[in-house]
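This is input15.cif (mmCIF, C-alpha atoms).
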data_protein
#
loop_
_atom_site.label_atom_id
_atom_site.label_comp_id
_atom_site.auth_asym_id
_atom_site.auth_seq_id
_atom_site.Cartn_x
_atom_site.Cartn_y
_atom_site.Cartn_z
CA MET A 70 8.82 -18.33 -22.89
CA LEU A 71 7.83 -14.69 -22.57
CA LYS A 72 5.81 -15.59 -19.51
CA LYS A 73 8.80 -17.24 -17.89
CA ILE A 74 11.02 -14.21 -18.55
CA PHE A 75 8.32 -11.97 -17.10
CA VAL A 76 8.06 -14.13 -13.97
CA LEU A 77 11.84 -14.10 -13.61
CA PHE A 78 11.85 -10.32 -13.97
CA LEU A 79 9.12 -9.91 -11.35
CA LEU A 80 10.96 -12.22 -8.95
CA THR A 81 14.17 -10.23 -9.41
CA VAL A 82 12.41 -6.94 -8.77
CA THR A 83 10.71 -8.30 -5.64
CA GLY A 84 13.95 -9.80 -4.42
CA VAL A 85 15.93 -6.61 -4.91
CA ALA A 86 13.21 -4.57 -3.22
CA LEU A 87 13.12 -6.92 -0.22
CA TRP A 88 16.92 -6.99 -0.04
CA GLN A 89 17.09 -3.18 -0.17
CA SER A 90 14.58 -2.74 2.63
CA PHE A 91 15.92 -5.47 4.91
CA ARG A 92 19.61 -4.84 4.22
CA HIS A 93 20.17 -2.88 7.39
CA ALA A 94 17.77 -4.75 9.62
CA PRO A 95 19.73 -6.28 12.47
CA PHE A 96 18.57 -9.89 12.24
CA GLY A 97 19.27 -12.11 15.18
CA GLU A 98 19.84 -9.21 17.50
CA ASN A 99 17.86 -9.27 20.71
CA ARG A 100 15.72 -6.21 20.33
CA VAL A 101 13.14 -7.04 22.96
CA GLY A 102 15.89 -6.82 25.46
CA ASP A 103 16.34 -8.27 28.80
CA VAL A 104 13.77 -8.39 31.54
CA GLU A 105 16.09 -6.91 34.14
CA ASN A 106 16.79 -3.80 32.09
CA PRO A 107 13.94 -1.39 32.92
CA GLU A 108 14.22 0.47 29.61
CA THR A 109 13.11 -2.45 27.44
CA VAL A 110 9.60 -3.37 26.33
CA SER A 111 9.34 -6.68 28.15
CA ALA A 112 10.35 -5.12 31.43
CA PHE A 113 7.73 -2.42 30.91
CA TYR A 114 4.98 -5.00 30.37
CA LEU A 115 6.09 -7.19 33.26
CA LYS A 116 6.23 -4.19 35.57
CA HIS A 117 3.01 -2.50 34.53
CA SER A 118 0.60 -5.41 34.13
CA PRO A 119 0.54 -6.35 37.81
CA GLU A 120 1.09 -2.85 39.17
CA THR A 121 -1.23 -0.59 37.25
CA LEU A 122 -3.68 -3.03 35.63
CA HIS A 123 -3.74 -5.59 38.47
CA THR A 124 -3.76 -8.44 35.97
CA ALA A 125 -2.03 -11.60 37.13
CA ASN A 126 -1.58 -12.92 33.59
CA SER A 127 0.79 -10.59 31.75
CA VAL A 128 0.04 -12.19 28.39
CA THR A 129 -3.64 -11.32 28.79
CA ALA A 130 -2.71 -7.79 29.81
CA ILE A 131 -0.70 -7.42 26.59
CA VAL A 132 -3.28 -9.07 24.35
CA VAL A 133 -6.35 -7.32 25.67
CA ASN A 134 -5.04 -4.05 27.03
CA PHE A 135 -1.69 -2.92 25.66
CA ARG A 136 -2.41 -4.49 22.27
CA GLY A 137 -6.20 -4.48 22.49
CA PHE A 138 -6.62 -2.90 19.09
CA ASP A 139 -4.76 -5.80 17.47
CA THR A 140 -7.10 -8.22 19.20
CA LEU A 141 -10.07 -6.38 17.75
CA GLY A 142 -8.45 -6.90 14.36
CA GLU A 143 -7.99 -10.59 15.04
CA VAL A 144 -11.63 -10.97 16.00
CA THR A 145 -12.55 -9.21 12.76
CA VAL A 146 -10.35 -11.60 10.78
CA LEU A 147 -12.14 -14.55 12.36
CA PHE A 148 -15.49 -12.96 11.60
CA LEU A 149 -14.49 -12.42 7.97
CA ALA A 150 -13.28 -16.02 7.67
CA ALA A 151 -16.57 -17.36 9.02
CA THR A 152 -18.58 -15.10 6.74
CA GLY A 153 -16.50 -16.05 3.73
CA LEU A 154 -16.90 -19.75 4.43
CA ALA A 155 -20.65 -19.37 4.87
CA SER A 156 -20.95 -17.47 1.61
CA ILE A 157 -18.91 -20.07 -0.30
CA LEU A 158 -20.85 -23.02 1.10
CA TYR A 159 -24.24 -21.35 0.91
CA ARG A 160 -26.88 -23.33 -0.97
CA ARG A 161 -30.25 -21.98 -1.82
CA LYS A 162 -33.39 -23.61 -0.42
CA GLU A 163 -34.69 -24.56 -3.88
CA ASP A 164 -31.49 -26.44 -4.69
CA GLU A 165 -31.82 -28.47 -1.54
CA GLU A 166 -35.45 -29.35 -2.19
CA GLU A 167 -34.59 -30.41 -5.72
CA GLU A 168 -32.09 -32.85 -4.38
CA GLY A 169 -34.60 -34.12 -1.85
CA GLY A 170 -34.27 -35.07 1.78
CA HIS A 171 -33.51 -32.82 4.69
CA LEU A 172 -30.93 -34.95 6.38
CA PRO A 173 -27.39 -33.91 5.58
CA VAL A 174 -24.98 -36.63 4.62
CA ARG A 175 -22.77 -35.91 7.58
CA VAL A 176 -23.90 -39.00 9.49
CA LYS A 177 -24.83 -42.20 7.74
CA LEU A 178 -24.85 -44.68 10.58
CA LYS A 179 -26.40 -44.14 13.97
CA SER A 180 -23.88 -43.66 16.76
CA SER A 181 -23.90 -46.30 19.43
CA THR A 182 -25.86 -45.86 22.64
CA LEU A 183 -22.62 -45.54 24.54
CA VAL A 184 -21.43 -42.61 22.47
CA ARG A 185 -24.78 -40.89 22.59
CA THR A 186 -25.05 -41.17 26.37
CA GLY A 187 -21.43 -40.17 26.87
CA ALA A 188 -21.78 -37.15 24.61
CA LYS A 189 -24.80 -36.05 26.61
CA ILE A 190 -22.75 -36.23 29.82
CA LEU A 191 -19.64 -34.62 28.33
CA PHE A 192 -21.31 -31.78 26.45
CA PRO A 193 -22.25 -29.61 29.48
CA LEU A 194 -18.86 -30.37 31.07
CA ILE A 195 -17.03 -29.17 27.96
CA LEU A 196 -19.15 -26.01 27.88
CA LEU A 197 -18.38 -25.43 31.54
CA LEU A 198 -14.65 -25.89 30.95
CA GLY A 199 -14.73 -23.43 28.06
CA ILE A 200 -16.56 -20.85 30.13
CA TYR A 201 -14.12 -21.39 33.01
CA VAL A 202 -11.17 -20.85 30.67
CA PHE A 203 -12.40 -17.54 29.31
CA VAL A 204 -13.74 -16.20 32.61
CA HIS A 205 -10.34 -16.85 34.22
CA GLY A 206 -8.46 -15.51 31.22
CA HIS A 207 -6.80 -12.75 33.25
CA LEU A 208 -5.67 -15.13 36.01
CA THR A 209 -4.61 -18.38 34.38
CA PRO A 210 -3.21 -19.38 31.00
CA GLY A 211 -5.96 -19.31 28.41
CA GLY A 212 -8.54 -16.77 27.51
CA GLY A 213 -11.28 -15.86 25.11
CA PHE A 214 -9.95 -17.54 22.00
CA GLN A 215 -9.05 -20.77 23.78
CA GLY A 216 -12.29 -20.94 25.75
CA GLY A 217 -14.32 -20.27 22.63
CA ALA A 218 -12.51 -23.03 20.76
CA ILE A 219 -13.19 -25.47 23.63
CA ILE A 220 -16.90 -24.64 23.54
CA ALA A 221 -16.93 -25.19 19.78
CA THR A 222 -15.41 -28.67 20.26
CA GLY A 223 -18.33 -29.46 22.55
CA PHE A 224 -20.74 -28.51 19.78
CA LEU A 225 -18.68 -30.56 17.32
CA LEU A 226 -19.11 -33.61 19.58
CA MET A 227 -22.87 -33.12 19.51
CA PHE A 228 -22.90 -32.59 15.73
CA ILE A 229 -21.10 -35.84 15.00
CA THR A 230 -22.99 -37.83 17.62
CA TYR A 231 -26.57 -36.83 16.92
CA LYS A 232 -27.96 -36.80 13.43
CA ARG A 233 -30.52 -34.15 14.15
CA PHE A 234 -28.65 -31.91 16.55
CA ASN A 235 -29.10 -28.37 15.34
CA VAL A 236 -28.14 -25.02 16.73
CA ASN A 237 -30.43 -22.08 16.33
CA HIS A 238 -28.66 -20.05 13.68
CA LYS A 239 -30.48 -16.84 14.48
CA ILE A 240 -29.55 -16.88 18.16
CA MET A 241 -25.94 -17.73 17.27
CA VAL A 242 -25.63 -14.90 14.77
CA TRP A 243 -27.21 -12.46 17.21
CA LEU A 244 -24.91 -13.52 20.06
CA GLU A 245 -21.89 -13.20 17.80
CA SER A 246 -22.84 -9.77 16.52
CA LEU A 247 -23.80 -8.44 19.93
CA SER A 248 -20.57 -9.60 21.57
CA GLY A 249 -18.53 -8.07 18.77
CA LEU A 250 -20.48 -4.86 19.16
CA ALA A 251 -19.93 -4.93 22.92
CA PHE A 252 -16.17 -5.16 22.37
CA VAL A 253 -16.24 -2.08 20.13
CA LEU A 254 -18.52 -0.24 22.57
CA ILE A 255 -16.11 -0.91 25.45
CA GLY A 256 -13.34 0.49 23.28
CA LEU A 257 -15.40 3.55 22.44
CA TYR A 258 -16.22 4.05 26.13
CA GLY A 259 -12.50 4.26 26.79
CA LEU A 260 -12.17 6.76 23.96
CA VAL A 261 -14.96 8.96 25.30
CA ALA A 262 -14.15 8.74 29.00
CA TYR A 263 -10.35 8.59 29.07
CA GLY A 264 -9.28 9.80 25.65
CA SER A 265 -7.91 6.65 24.04
CA PHE A 266 -9.51 3.64 22.39
CA LEU A 267 -9.83 0.59 24.68
CA GLN A 268 -8.43 2.53 27.64
CA ASN A 269 -8.90 0.49 30.80
CA ILE A 270 -10.93 1.90 33.68
CA PRO A 271 -8.86 3.02 36.68
CA TRP A 272 -10.85 0.85 39.10
CA THR A 273 -9.11 -2.45 38.65
CA GLY A 274 -9.61 -4.46 41.84
CA ARG A 275 -7.04 -6.53 43.70
CA LEU A 276 -4.37 -8.61 42.03
CA ASN A 277 -5.32 -12.31 41.64
CA ASP A 278 -9.01 -11.72 42.37
CA LEU A 279 -11.63 -12.97 39.96
CA ILE A 280 -12.89 -9.41 39.59
CA SER A 281 -9.67 -7.63 38.79
CA GLY A 282 -7.97 -6.11 35.82
CA GLY A 283 -10.74 -3.62 35.14
CA LEU A 284 -12.36 -4.22 31.77
CA ILE A 285 -10.03 -7.06 30.73
CA PRO A 286 -12.20 -9.98 31.96
CA LEU A 287 -15.29 -8.35 30.47
CA ILE A 288 -13.61 -8.01 27.06
CA TYR A 289 -12.35 -11.60 27.25
CA ILE A 290 -15.84 -12.87 28.06
CA PHE A 291 -17.20 -11.14 24.97
CA ILE A 292 -14.32 -12.49 22.86
CA GLY A 293 -15.03 -15.97 24.23
CA ILE A 294 -18.73 -15.79 23.32
CA LYS A 295 -17.87 -14.41 19.91
CA VAL A 296 -15.26 -17.06 19.07
CA ALA A 297 -17.48 -19.88 20.38
CA THR A 298 -20.51 -18.85 18.33
CA GLU A 299 -18.42 -18.14 15.25
CA LEU A 300 -16.63 -21.49 15.28
CA THR A 301 -19.90 -23.28 16.00
CA ASN A 302 -21.45 -21.54 13.02
CA VAL A 303 -18.51 -22.60 10.85
CA LEU A 304 -18.85 -26.21 12.00
CA ASP A 305 -22.59 -26.13 11.43
CA THR A 306 -22.13 -24.78 7.91
CA LEU A 307 -19.51 -27.41 7.11
CA MET A 308 -21.58 -30.24 8.57
CA ASN A 309 -24.73 -29.25 6.70
CA THR A 310 -23.02 -28.98 3.33
CA LYS A 311 -24.09 -31.70 0.94
CA PRO A 312 -21.80 -32.94 -1.77
CA ARG A 313 -22.90 -31.77 -5.18
CA LYS A 314 -24.76 -34.39 -7.19
CA LYS A 315 -23.04 -35.37 -10.38
CA MET B 298 0.66 -33.01 60.02
CA GLU B 299 4.16 -33.02 58.56
CA THR B 300 4.35 -36.81 58.51
CA VAL B 301 0.98 -36.98 56.76
CA LEU B 302 2.28 -34.61 54.10
CA LEU B 303 5.43 -36.68 53.76
CA ILE B 304 3.45 -39.89 53.35
CA LEU B 305 1.24 -38.18 50.75
CA HIS B 306 4.37 -36.95 48.97
CA TYR B 307 5.83 -40.43 48.67
CA ALA B 308 2.46 -41.92 47.69
CA GLY B 309 2.24 -39.28 44.98
CA LEU B 310 5.73 -40.07 43.74
CA PHE B 311 4.82 -43.76 43.61
CA LEU B 312 1.64 -43.02 41.64
CA ILE B 313 3.59 -40.86 39.16
CA LEU B 314 6.11 -43.67 38.70
CA LEU B 315 3.29 -46.16 38.13
CA GLY B 316 1.64 -43.82 35.67
CA SER B 317 4.87 -43.30 33.73
CA VAL B 318 5.39 -47.05 33.49
CA PHE B 319 1.86 -47.51 32.13
CA LEU B 320 2.26 -44.64 29.68
CA PHE B 321 5.49 -46.19 28.45
CA LEU B 322 3.79 -49.57 28.05
CA GLY B 323 0.99 -47.88 26.13
CA ALA B 324 3.45 -46.23 23.75
CA LEU B 325 5.25 -49.55 23.31
CA GLY B 326 1.93 -51.25 22.59
CA ILE B 327 1.01 -48.72 19.90
CA TYR B 328 4.40 -49.30 18.30
CA ARG B 329 4.43 -53.08 18.62
CA MET B 330 0.85 -54.32 18.22
CA PRO B 331 -0.12 -55.86 14.85
CA ASP B 332 -3.47 -54.26 13.93
CA LEU B 333 -5.68 -51.27 14.63
CA TYR B 334 -7.78 -52.86 17.36
CA ASN B 335 -4.83 -54.13 19.32
CA ARG B 336 -3.13 -50.75 19.07
CA LEU B 337 -6.30 -49.00 20.17
CA GLN B 338 -6.71 -51.12 23.25
CA ALA B 339 -3.05 -50.79 24.15
CA GLY B 340 -3.20 -47.04 23.71
CA THR B 341 -6.45 -46.54 25.55
CA LYS B 342 -6.15 -48.85 28.51
CA ALA B 343 -2.57 -47.99 29.29
CA SER B 344 -2.85 -44.27 28.71
CA THR B 345 -6.11 -43.99 30.66
CA LEU B 346 -4.60 -45.58 33.72
CA GLY B 347 -1.24 -43.90 33.15
CA ALA B 348 -2.62 -40.39 32.81
CA MET B 349 -5.06 -40.88 35.69
CA SER B 350 -2.49 -42.11 38.15
CA THR B 351 0.07 -39.50 37.10
CA ILE B 352 -2.45 -36.71 37.64
CA LEU B 353 -3.62 -38.18 40.96
CA GLY B 354 0.02 -38.42 42.04
CA VAL B 355 0.53 -34.73 41.33
CA GLY B 356 -2.62 -34.08 43.34
CA LEU B 357 -1.24 -35.98 46.33
CA ILE B 358 2.06 -34.10 46.21
CA GLN B 359 0.30 -30.74 45.93
CA PRO B 360 -2.93 -31.19 47.98
CA SER B 361 -4.31 -27.73 47.18
CA TRP B 362 -4.69 -28.74 43.53
CA PHE B 363 -6.40 -32.02 44.35
CA ILE B 364 -10.00 -31.04 43.54
CA LYS B 365 -9.18 -29.61 40.12
CA LEU B 366 -6.99 -32.59 39.27
CA PHE B 367 -9.70 -34.99 40.42
CA ILE B 368 -12.14 -33.33 38.02
CA ILE B 369 -9.59 -33.83 35.22
CA VAL B 370 -9.29 -37.50 36.21
CA ILE B 371 -13.07 -37.94 36.00
CA PHE B 372 -13.01 -36.24 32.61
CA ILE B 373 -10.33 -38.61 31.33
CA ALA B 374 -12.22 -41.60 32.74
CA LEU B 375 -15.30 -40.50 30.82
CA ALA B 376 -13.78 -39.33 27.57
CA ASN B 377 -10.88 -41.67 26.84
CA PRO B 378 -12.72 -45.05 26.71
CA LEU B 379 -15.62 -43.39 24.90
CA SER B 380 -13.47 -41.98 22.11
CA SER B 381 -11.61 -45.23 21.56
CA HIS B 382 -14.90 -47.13 21.53
CA ALA B 383 -16.20 -44.78 18.85
CA LEU B 384 -12.96 -45.12 16.86
CA ALA B 385 -12.97 -48.91 17.03
CA ARG B 386 -16.64 -49.18 16.12
CA ALA B 387 -16.32 -46.74 13.25
CA SER B 388 -13.28 -48.49 11.80
CA TYR B 389 -14.95 -51.90 12.11
CA LYS B 390 -17.98 -50.64 10.26
CA ALA B 391 -15.81 -48.96 7.67
CA GLY B 392 -14.36 -52.37 6.86
CA VAL B 393 -11.08 -52.59 8.72
CA LYS B 394 -10.71 -56.28 9.50
CA PRO B 395 -9.18 -57.38 12.76
CA ILE B 396 -6.44 -59.99 12.73
CA ILE B 397 -8.16 -63.01 14.18
CA THR B 398 -6.43 -66.34 14.46
CA SER B 399 -9.54 -68.24 15.49
CA ASP B 400 -12.76 -68.01 13.51
CA THR B 401 -14.84 -66.19 16.09
CA ASP B 402 -16.04 -62.74 15.06
CA GLU B 403 -19.18 -62.26 17.08
CA TYR B 404 -19.58 -58.62 16.21
CA ALA B 405 -19.78 -59.33 12.47
CA ALA B 406 -23.49 -60.24 12.51
CA VAL B 407 -24.43 -57.13 14.49
CA ALA B 408 -22.36 -54.86 12.29
CA ASP B 409 -23.74 -56.31 9.07
CA GLU B 410 -27.24 -55.80 10.34
CA ALA B 411 -26.48 -52.16 11.06
CA GLY B 412 -25.38 -51.62 7.48
CA ARG B 413 -21.68 -52.31 7.28
CA PRO B 414 -20.37 -51.99 3.75
CA LYS B 415 -19.40 -55.39 2.34
CA THR B 416 -15.69 -55.33 1.77
CA GLU B 417 -13.64 -58.44 1.56
CA LYS B 418 -10.34 -56.69 1.25
CA ASN B 419 -8.28 -56.39 4.37
CA THR B 420 -7.31 -52.73 4.40
CA GLN B 421 -5.06 -53.07 7.38
CA THR B 422 -1.36 -52.75 6.67
CA LEU B 423 1.09 -54.44 8.90
#
Take the structure in this file and express it as structure tokens.
Amino acid sequence: MLKKIFVLFLLTVTGVALWQSFRHAPFGENRVGDVENPETVSAFYLKHSPETLHTANSVTAIVVNFRGFDTLGEVTVLFLAATGLASILYRRKEDEEEEGGHLPVRVKLKSSTLVRTGAKILFPLILLLGIYVFVHGHLTPGGGFQGGAIIATGFLLMFITYKRFNVNHKIMVWLESLSGLAFVLIGLYGLVAYGSFLQNIPWTGRLNDLISGGLIPLIYIFIGIKVATELTNVLDTLMNTKPRKK
Amino acid sequence: METVLLILHYAGLFLILLGSVFLFLGALGIYRMPDLYNRLQAGTKASTLGAMSTILGVGLIQPSWFIKLFIIVIFIALANPLSSHALARASYKAGVKPIITSDTDEYAAVADEAGRPKTEKNTQTL
């Protein structure tokens, strides 16, 4: 009973606090404004991403340049999620040997010849598509996160098709760490050379060229590698987890 | 040159129409067919042809996209039958019984040999 009253009290306090702070917020009002009006944010982005950054894809310009710091945060969130998952699912070597057998339970039956051959053909194509998506992130829809996720699906295909398909964990972890570090280093370069974190270089190339947008494609390539290796590591951890013996 | 483009345009429109019809038939098949295997084959065959001809039709209307779209078509031709094959095989081995009016089930011996769990219950809901 006391607990219920306490919960009710807490809910009331939270509700009143939220109501007080959002009372004057103009909900439903168009605060981004209209594209034609040059004073609004959207007009600023649409005007400046092709003109000063020479990036054909305005979304990429916002994600990687105008809001690059947020993207660094997102990459960190992904990194933390992967690390947390690995630490939850981590089993010591001795435990595994006690239970016997090296083969994880992920695949019981052999996949058919058709699936194995097809996966072999599709795997490099999927990797190529993923790389294409994140290399062209500043020109076409897509980018580092999407390309990385596509590459991870390729690895997932191999994991579920082949019983003994393994990725080299050390190389994956190194690639992930180095690409994350490269992202931060690019940001620091902007800080040192031009006075603000993740500041783009002035040499940006021509609009709609593959090499354009200054540092944006470079950052997206690193994000792509980082997301791909991270998601692959997550999949590998999940696939190699054995159910606890009762 | 212009007439060639016009012919390509109409050929593309025809292919898109054909593709839409096949996609519709595929959707109808998934809704109407009685069991998993029938639904799978309706979904796969119709949607493979439907998606391929729709994409090729777009490629004919817009010739500068043709190469990219052709690569997508090849990808669909590789991936779509493969995935449905894996799905059908996995569900057969997991014990989903097909609705068979005659007594022929030639795959049963092969699947049992490969270690299919022995379940008598028909898990398929109609």
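Proximity of B:Ser388, B:Ser380, B:Ser317, B:Gln338 to chain A, computed with all atoms listed in the file, is greatest for B:Ser380.
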Q.
I'd like to see the residues matched by the PyMOL selection byres ((chain A) within 8 of (chain B)) on this file, and ideally I'd get them as a VMD selection string.
A. chain A and resid 178 181 183 to 184 187 191
Q.
When you count only C-alpha atoms, which of these residues is closest to Ile220 (chain A): A:Val202, A:Leu122, A:Met308, A:Leu257?
A.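 Once distances to Ile220 (chain A) are computed over only C-alpha atoms, the minimum belongs to A:Val202.
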Q: Have a look at CA of Gly213 (chain A) and CA of Ile292 (chain A) and let me know their distance in Å, one decimal.
A: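 These atoms are spaced 5.1 Å apart.
Ranking B:Gly326, B:Pro331, B:Phe319, B:Glu403 by their shortest atom-to-atom distance to Ala348 (chain B), with all atoms listed in the file included, puts B:Phe319 first.
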Q: Please write the residues picked by the PyMOL selection byres ((chain A and resi 268) around 10) on this file as a count of residues only.
A: 21
Q.
Can you translate the PyMOL selection byres ((chain A and resi 278) around 12) into the concrete residues it hits in this file, as a PyMOL selection string?
A. chain A and resi 119+123-126+204-209+273-277+279-283+286
Could you write out the selected residues, including C-alpha atoms, as an mmCIF file, keeping the file's coordinate frame?
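The result, stored in selection-v6.cif:
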data_model
loop_
_atom_site.group_PDB
_atom_site.id
_atom_site.type_symbol
_atom_site.label_atom_id
_atom_site.label_comp_id
_atom_site.auth_asym_id
_atom_site.auth_seq_id
_atom_site.Cartn_x
_atom_site.Cartn_y
_atom_site.Cartn_z
ATOM 1 C CA PRO A 119 0.540 -6.350 37.810
ATOM 2 C CA HIS A 123 -3.740 -5.590 38.470
ATOM 3 C CA THR A 124 -3.760 -8.440 35.970
ATOM 4 C CA ALA A 125 -2.030 -11.600 37.130
ATOM 5 C CA ASN A 126 -1.580 -12.920 33.590
ATOM 6 C CA VAL A 204 -13.740 -16.200 32.610
ATOM 7 C CA HIS A 205 -10.340 -16.850 34.220
ATOM 8 C CA GLY A 206 -8.460 -15.510 31.220
ATOM 9 C CA HIS A 207 -6.800 -12.750 33.250
ATOM 10 C CA LEU A 208 -5.670 -15.130 36.010
ATOM 11 C CA THR A 209 -4.610 -18.380 34.380
ATOM 12 C CA THR A 273 -9.110 -2.450 38.650
ATOM 13 C CA GLY A 274 -9.610 -4.460 41.840
ATOM 14 C CA ARG A 275 -7.040 -6.530 43.700
ATOM 15 C CA LEU A 276 -4.370 -8.610 42.030
ATOM 16 C CA ASN A 277 -5.320 -12.310 41.640
ATOM 17 C CA LEU A 279 -11.630 -12.970 39.960
ATOM 18 C CA ILE A 280 -12.890 -9.410 39.590
ATOM 19 C CA SER A 281 -9.670 -7.630 38.790
ATOM 20 C CA GLY A 282 -7.970 -6.110 35.820
ATOM 21 C CA GLY A 283 -10.740 -3.620 35.140
ATOM 22 C CA PRO A 286 -12.200 -9.980 31.960
#
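If you look at CA of Met241 (chain A) and CA of Asn302 (chain A), they are 7.3 Å away from each other.
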**Q.** d(CA of Gly316 (chain B), CA of Asp332 (chain B)) in Å
**A.**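 Going from CA of Gly316 (chain B) over to CA of Asp332 (chain B) covers 24.7 Å.
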Q | Residue contacts of region 224-238 of chain A (8 Å, all atoms listed in the file) excluding same-chain residues fewer than 2 positions away, as a PyMOL selection string | A | chain A and resi 172+175-176+179-180+184-185+188-189+192+220-222+240-242+301-302+304-305+308
Q: Would you please work out which residue, of B:Leu337, B:Val355, B:Ile369, B:Ala391, is nearest to Ile313 (chain B) when using only C-alpha atoms?
A: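 Among B:Leu337, B:Val355, B:Ile369, B:Ala391, it is B:Val355 that comes nearest to Ile313 (chain B).
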Q: Excluding Leu366 (chain B) and residues on its chain fewer than 4 positions from it, collect all residues at most 7 Å away from it, counting only C-alpha atoms, and give them as a PyMOL selection string.
A: chain B and resi 352-353+356+362+370
Distance query 7 Å from (-1.5, -49.1, 27.0) using all atoms listed in the file, result as a CSV table (one decimal) with C-alpha atoms, keeping the file's coordinate frame:
chain,number,residue,atom,x,y,z
B,319,PHE,CA,1.9,-47.5,32.1
B,320,LEU,CA,2.3,-44.6,29.7
B,322,LEU,CA,3.8,-49.6,28.0
B,323,GLY,CA,1.0,-47.9,26.1
B,324,ALA,CA,3.4,-46.2,23.8
B,326,GLY,CA,1.9,-51.2,22.6
B,338,GLN,CA,-6.7,-51.1,23.2
B,339,ALA,CA,-3.0,-50.8,24.2
B,340,GLY,CA,-3.2,-47.0,23.7
B,341,THR,CA,-6.4,-46.5,25.6
B,342,LYS,CA,-6.2,-48.8,28.5
B,343,ALA,CA,-2.6,-48.0,29.3
B,344,SER,CA,-2.8,-44.3,28.7
(Q) Need to verify the contact set: Tyr159 (chain A), 12 Å, all atoms listed in the file, exclusion of same-chain residues closer than 6 positions in sequence. Can you return it as a list of chain:residue names? (A)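 Here the answer would be A:Ala151, A:Thr152, A:Gly153, A:Glu165, A:Val303, A:Asp305, A:Thr306, A:Leu307, A:Asn309, A:Thr310, A:Lys311.
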Q) Which residues come within 10 Å of Ile200 (chain A), counting only C-alpha atoms, excluding same-chain residues fewer than 4 positions away, as number ranges by chain? A) A: 194-196, 204-206, 212-213, 215-217, 219-220, 290, 293-294, 297
